[in-house]
Amino acid sequence: MTYQAPVNDIMFALKIAADLGPSIESGVYPALDIDTIEAVISEAGKFGGDVLAPLRWIGDRTGSKLADGAVTTAPGFRDAYRQFTDAGWNALPGPEAFGGQGLPEIVASAVCEIWNSSNMGFALCPLLTQGAIHALEVGGSDALKSIYLPNLVAGRWTGTMNLTEPHAGSDLSALRTKAVRDTGGNYRITGTKIFISYGEHDLAENIIHLVLARLSDAPPGTHGISLFLVPKFLVNDDGSLGARNDVVCAGIEHKLGIHASPTCVMKFGENDGAVGYLIGEENHGLATMFVMMNAARLAVGMQGVAVAESATQQAMQFAKDRTQGHGVSAATAHMSPIIEHADVRRMLLSMKSQTQAARMICFATARAHDAANTATDKASRRVALHRTALLTPIAKAYATDVGVDVASLGIQVHGGVGYVEETGAAQHLRDARILPIYEGTNGIQAIDLVTRKLPLDDGNVVNGYLVELAKIAAEVRASNRPDLGRTGDRLAEAIRDLQAATEWMVDAVRNNQPSALAGATPYLRLFSVTAGAAYLAKGAIQSETGASAVSLARFYAENILTQSHGLAEAITTGAESVLVEYEAEVFA
């Protein structure tokens with residue numbers, strides 16, 4: 001089926017969750033207006049639908065190929081990338097000082113959804129380049145910025161993130177890649193990195209690797225990690241490309257999904273050592289890399305929204321076209337479109353409401369990020385940074401879980417033909433399955449939430465957010481709208497569950513951390529579904545168009561939010577069953 005960018009849903013989510021109108025009026029988005037933002041998103045939708053979406057199936061079937069150290073991307077990808085950069089899409093969020101358009105995170109997130117809904121295998125390349133740009137902005141020297149940022153912003157060069165090593169996985173303290181100071185004041189990098197998306201490809205003329213490595217005299221653990229810029233081709237003094245650096249792609253991973261994206265094994269320094277340039281200070285590289293990772297975590301959350309949107313669109317169209325049996329309101333003997341069957345309607349409403357809830361959480365996170373960037377005083381910036389920190393693990397984990405769940409439901413709506421690759425429904429699930437894993441598994445996001453984010457400002461950050469959610473619930477209940485059913489009651493109950501679970505969790509983090517860790521994932525889920533329900537409900541009572549927003553908010557509250565009490569029970573009473581010393585055969 002043809003992908004159509006959900007411009008109306010995106011704009012509605014921005015207006016509700018990102019408070020777009022008031023944010024523009026308050027100066028968070030200077031020189032921008034709603035019409036301009038909608039125009040950008042609409043044009044992105046056209047590009048995604050016309051150029052990128054037709055290549056999704058081709059990329060999945062063909063994949064990227066490695067031969068003699070060079071990677072060839074799927075047919076059509078090089079031309080699509082040229083069109084992408086020529087149209088200025090790569091430069092959209094880039095810093096204006098280096099040729100970018102400087103558009104805010106809410107716009108970058110919205111178009112990120114469109115690129116990934118259209119073709120996630122393609123979209124991973126510019127996504128990582130944006131992360132590299134962020135890291136260089138924060139930690140790069142003026143000399144590195146002047147050479148690399150204009151080319152990265154324009155898309156002539158692309159960026160990668162090199163963290164993972166075969167023996168270490170998520171444990172960065174165990175990395176072994178080495179950096180040695182050379183006589184010219186730079187460094188020589190040796191080591192192997194795995195799972196490097198677009199580590200080698202034929203889309204751009206140079207690839208800029210950001211690599212975590214350890215100096216020989218560095219302290220142990222994560223405190224001894226440095227960050228280096230390692231280009232595929234060295235750059236001459238006049239800005240032209242010089243000799244090939246000592247970095248090669250040794251293999252491409254054979255993956256469940258995103259086949260178009262070359263996920264590479266990268267070897268640095270097989271000969272004399274790859275030339276690298278320090279970003280930031282020695283032994284302080286992880287902090288700069290986390291700038292890139294945090295930006296990527298929100299982007300990965302948007303990928304979850306994107307896959308969910310594509311799967312929902314396809315399932316919705318199939319359910320309207322496919323006839324089978326007789327629906328509950330069938331008036332004739334003819335077979336009904338399956339969208340008239342109650343269980344199919346339940347699945348479709350679940351898909352659409354969860355997609356919009358996840359979208360709203362991500363946009364709320366993006367808005368906090370923008371508020372931090374434009375704050376004019378330290379106090380406001382601190383508040384916005386704390387809100388960004390609180391919501392980022394929620395956005396990443398919930399939206400990617402939704403991506404998997406919704407893609408799976410999409411197959412179910414299709415029935416048996418959904419399990420057949422030719423329909424394309426299965427690709428959504430295969431592509432989505434990596435999202436809860438990379439850029440920090442969702443379990444790591446949950447641990448980050450409960451151990452680092454709940455204690456922010458002595459708990460005032462999370463408590464302030466819960467107060468905001470409670471105000472929304474009060475407004476919904478005060479509206480006394482029959483069409484919202486029990487939305488207000490369900491939301492108020494979930495917020496009470498979340499408040500009680502938060503109090504328990506804060507105490508457990510201080511006094512019984514194993515129990516806190518055992519309950520971290522259900523806590524993140526409770527937080528997520530409650531926040532998602534609140535944004536949907538806020539949209540329902542503020543909607544000028546009415547029916548769709550109300551229907552989704554009510555369905556979500558009465559069918560998905562009902563899990564809140566069970567999640568709260570799992571958080572506060574389930575730890576013992578996780579931590580008890582089981583007999584060995586339980587895990588046999």
# chains A, B, ... in the order shown; residues from 1 in each chain; ligands from 1
>>> residues_around(residues="Ala250 of chain A", least_positions_apart="3", cutoff="12 Å", atoms="only C-alpha atoms", output="PDB file with C-alpha atoms, in the first residue's frame")
ATOM      1  CA  LEU A  66      29.656  -6.226   0.978  1.00  0.00           C
ATOM      2  CA  ALA A  67      32.397  -7.059  -1.509  1.00  0.00           C
ATOM      3  CA  ASP A  68      36.123  -6.343  -1.130  1.00  0.00           C
ATOM      4  CA  GLY A  69      35.504  -4.065   1.829  1.00  0.00           C
ATOM      5  CA  ALA A  70      32.979  -1.880  -0.002  1.00  0.00           C
ATOM      6  CA  VAL A  71      29.245  -1.817   0.684  1.00  0.00           C
ATOM      7  CA  THR A 192      36.899  -3.769  16.677  1.00  0.00           C
ATOM      8  CA  LYS A 193      33.368  -2.400  16.925  1.00  0.00           C
ATOM      9  CA  ILE A 194      30.180  -4.273  16.053  1.00  0.00           C
ATOM     10  CA  PHE A 195      26.594  -3.318  15.179  1.00  0.00           C
ATOM     11  CA  ILE A 196      27.687  -0.098  13.445  1.00  0.00           C
ATOM     12  CA  GLY A 199      29.535   1.983   9.043  1.00  0.00           C
ATOM     13  CA  GLU A 200      30.326   1.538   5.357  1.00  0.00           C
ATOM     14  CA  VAL A 247      39.504   1.622   9.035  1.00  0.00           C
ATOM     15  CA  GLU A 253      25.442  -8.548  10.107  1.00  0.00           C
ATOM     16  CA  PRO A 262      24.277  -2.078   6.482  1.00  0.00           C
ATOM     17  CA  THR A 263      25.040  -3.031  10.087  1.00  0.00           C
ATOM     18  CA  CYS A 264      28.796  -3.390  10.027  1.00  0.00           C
ATOM     19  CA  VAL A 265      31.700  -4.933  11.890  1.00  0.00           C
ATOM     20  CA  MET A 266      34.329  -2.189  11.825  1.00  0.00           C
ATOM     21  CA  LYS A 267      38.040  -2.795  12.317  1.00  0.00           C
ATOM     22  CA  PHE A 268      40.235   0.140  13.247  1.00  0.00           C
ATOM     23  CA  GLU A 270      44.746  -3.205  11.288  1.00  0.00           C
TER      24      GLU A 270
END
>>> atom_distance(atom1="atom CA of Ile34 of chain A", atom2="atom CA of Ala366 of chain A")
16.0 Å
